[in-house]
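> Below are the structure tokens for one structure; questions will follow.
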Amino acid sequence: MDRTTRQAALWATVVALPVTALVAVLAIQAGRPDPVAEPTPSATAPSPQSTAPVEMAAPALQERAATVCRALLSRLPATVQGMAQRPVTAGPEQNAAYGDPAVTVACGVPAAQVPPTAELSLLDQVCWYQTAGDEATVWTTVDREVPVRVTVPKAYEAPGQKAIAFSGAVIAAVPSRPDAPSGCS
């Protein structure tokens with residue numbers, strides 16, 4: 001091989017080796033997956049929820065009310081508006097709880113004492129009497145044979161939406177009263 005050819009081959013090698021190395025590095029980088037960013041909480045991401053039993057009373061029910069309440073509880077869903085059902089300390093055949101803080105459902109409660117001028121809310125074909133307290137809003141059915149109470153802690157916005165979530169089960173399991181208050185129509 002003559003000197004000119006050898007020198008050209010040497011220059012070609014000197015240039016080709018770094019270019020080849022650069023191409024190899026770029027190919028390896030392109031083949032790697034993108035680094036995964038740490039997940040950030042979003043407004044819709046579920047937050048941890050307590051699974052501890054919710055303290056509830058379970059007064060003795062007459063036979064008819066107990067039958068109706070069992071029917072109601074059997075129709076309640078496992079989750080309501082993203083809140084999972086939780087165990088209760090007493091009366092699982094008449095009480096249910098969802099979420100944290102707990103939205104509670106109590107069947108067979110005393111009838112609400114509704115003032116004559118009270119405003120009643122017809123929510124999804126169930127007539128509710130609403131009372132707002134310091135810590136919760138309480139919704140009690142007034143048009144049903146066996147009263148049902150839904151207690152919604154102040155931590156939740158639009159407490160009426162929580163009551164509506166149970167209206168379907170109430171309609172399916174708890175017969176209407178023939179003497180429902182006039183504000184329910």
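Every chain in the structure tokens takes a letter, A first, then B, and so on in the order presented; its residues are numbered from 1, and the ligands are numbered from 1 following the presented order.
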Just want the 10 Å neighbourhood of A:Thr151, counted on only C-alpha atoms, with same-chain residues fewer than 4 positions away dropped. Output as a short mmCIF file (atom, residue, chain, number, x, y, z; two decimals) with C-alpha atoms, in the first residue's frame.

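Final output, saved to part.cif:
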data_model
loop_
_atom_site.label_atom_id
_atom_site.label_comp_id
_atom_site.auth_asym_id
_atom_site.auth_seq_id
_atom_site.Cartn_x
_atom_site.Cartn_y
_atom_site.Cartn_z
CA ALA A 97 -71.70 4.18 56.48
CA ALA A 102 -68.55 8.92 57.24
CA VAL A 103 -71.83 9.65 55.52
CA THR A 104 -74.27 7.49 57.47
CA VAL A 105 -77.59 5.90 56.59
CA ALA A 106 -79.90 4.88 59.44
CA GLN A 130 -83.29 18.75 55.94
CA THR A 131 -81.81 20.08 59.17
CA ALA A 132 -78.39 21.71 59.20
CA GLU A 135 -71.09 19.38 62.13
CA ALA A 136 -73.50 17.78 59.66
CA THR A 137 -76.61 18.14 57.55
CA VAL A 138 -79.27 15.56 58.35
CA TRP A 139 -81.77 14.43 55.71
CA THR A 140 -84.78 12.41 56.92
CA PRO A 159 -75.05 17.45 50.92
CA LYS A 162 -75.37 12.52 49.01
CA ALA A 163 -79.04 12.05 49.99
#
> Quick one: residues within 8 Å of stretch 111-127 of chain A, only C-alpha atoms counted, chain neighbours fewer than 3 positions away excluded, as a PDB file with N, CA and C atoms, in the first residue's frame?

ATOM      1  N   GLN A 130     -84.708  18.455  55.693  1.00  0.00           N
ATOM      2  CA  GLN A 130     -83.294  18.753  55.939  1.00  0.00           C
ATOM      3  C   GLN A 130     -83.143  19.610  57.185  1.00  0.00           C
ATOM      4  N   THR A 140     -83.888  13.475  56.448  1.00  0.00           N
ATOM      5  CA  THR A 140     -84.777  12.413  56.919  1.00  0.00           C
ATOM      6  C   THR A 140     -85.972  12.321  55.979  1.00  0.00           C
ATOM      7  N   THR A 141     -86.291  11.098  55.569  1.00  0.00           N
ATOM      8  CA  THR A 141     -87.455  10.919  54.695  1.00  0.00           C
ATOM      9  C   THR A 141     -88.718  11.206  55.493  1.00  0.00           C
ATOM     10  N   VAL A 142     -89.676  11.837  54.842  1.00  0.00           N
ATOM     11  CA  VAL A 142     -90.950  12.128  55.496  1.00  0.00           C
ATOM     12  C   VAL A 142     -92.125  11.515  54.748  1.00  0.00           C
ATOM     13  N   ASP A 143     -91.845  10.869  53.632  1.00  0.00           N
ATOM     14  CA  ASP A 143     -92.915  10.284  52.828  1.00  0.00           C
ATOM     15  C   ASP A 143     -92.843   8.760  52.783  1.00  0.00           C
ATOM     16  N   PRO A 147     -89.061   5.681  58.397  1.00  0.00           N
ATOM     17  CA  PRO A 147     -88.145   6.794  58.117  1.00  0.00           C
ATOM     18  C   PRO A 147     -86.691   6.348  57.943  1.00  0.00           C
ATOM     19  N   GLY A 160     -77.100  17.554  49.625  1.00  0.00           N
ATOM     20  CA  GLY A 160     -78.283  16.974  48.991  1.00  0.00           C
ATOM     21  C   GLY A 160     -77.920  15.905  47.968  1.00  0.00           C
ATOM     22  N   ALA A 163     -77.718  12.620  49.714  1.00  0.00           N
ATOM     23  CA  ALA A 163     -79.039  12.052  49.988  1.00  0.00           C
ATOM     24  C   ALA A 163     -79.632  11.446  48.715  1.00  0.00           C
ATOM     25  N   ILE A 164     -79.485  12.142  47.606  1.00  0.00           N
ATOM     26  CA  ILE A 164     -80.004  11.642  46.326  1.00  0.00           C
ATOM     27  C   ILE A 164     -79.394  10.286  45.990  1.00  0.00           C
ATOM     28  N   SER A 167     -81.607   7.616  47.204  1.00  0.00           N
ATOM     29  CA  SER A 167     -83.028   7.654  46.856  1.00  0.00           C
ATOM     30  C   SER A 167     -83.493   6.414  46.112  1.00  0.00           C
ATOM     31  N   GLY A 168     -82.712   5.903  45.190  1.00  0.00           N
ATOM     32  CA  GLY A 168     -83.105   4.710  44.434  1.00  0.00           C
ATOM     33  C   GLY A 168     -83.358   3.513  45.338  1.00  0.00           C
ATOM     34  N   VAL A 170     -84.066   3.654  48.543  1.00  0.00           N
ATOM     35  CA  VAL A 170     -85.223   3.978  49.381  1.00  0.00           C
ATOM     36  C   VAL A 170     -86.513   3.692  48.608  1.00  0.00           C
ATOM     37  N   ILE A 171     -86.577   4.128  47.359  1.00  0.00           N
ATOM     38  CA  ILE A 171     -87.768   3.903  46.535  1.00  0.00           C
ATOM     39  C   ILE A 171     -88.030   2.401  46.373  1.00  0.00           C
ATOM     40  N   GLY A 183     -96.143  19.129  51.405  1.00  0.00           N
ATOM     41  CA  GLY A 183     -95.002  19.761  50.748  1.00  0.00           C
ATOM     42  C   GLY A 183     -94.182  18.811  49.908  1.00  0.00           C
ATOM     43  N   CYS A 184     -94.561  17.535  49.846  1.00  0.00           N
ATOM     44  CA  CYS A 184     -93.800  16.547  49.115  1.00  0.00           C
ATOM     45  C   CYS A 184     -94.245  16.366  47.672  1.00  0.00           C
ATOM     46  N   SER A 185     -95.292  17.042  47.273  1.00  0.00           N
ATOM     47  CA  SER A 185     -95.779  16.811  45.911  1.00  0.00           C
ATOM     48  C   SER A 185     -95.239  17.814  44.942  1.00  0.00           C
TER      49      SER A 185
END
> If you measure from atom CA of A:Gln94 to atom CA of A:Pro48, what distance in Å do you get, rounded to one decimal?
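Atom CA of A:Pro48 lies 26.1 Å from atom CA of A:Gln94.
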> List the neighbours of A:Val80 out to 9 Å using only C-alpha atoms; skip same-chain residues closer than 5 positions along the sequence, and give me the result as a ChimeraX atom specification.
/A:85,98-99,162,165-166
> Pick out the closest residue to A:Pro59 from this set: A:Ala96, A:Ala90, A:Leu72, A:Val174. Count only C-alpha atoms.
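Smallest separation from A:Pro59 among the options: A:Ala90.
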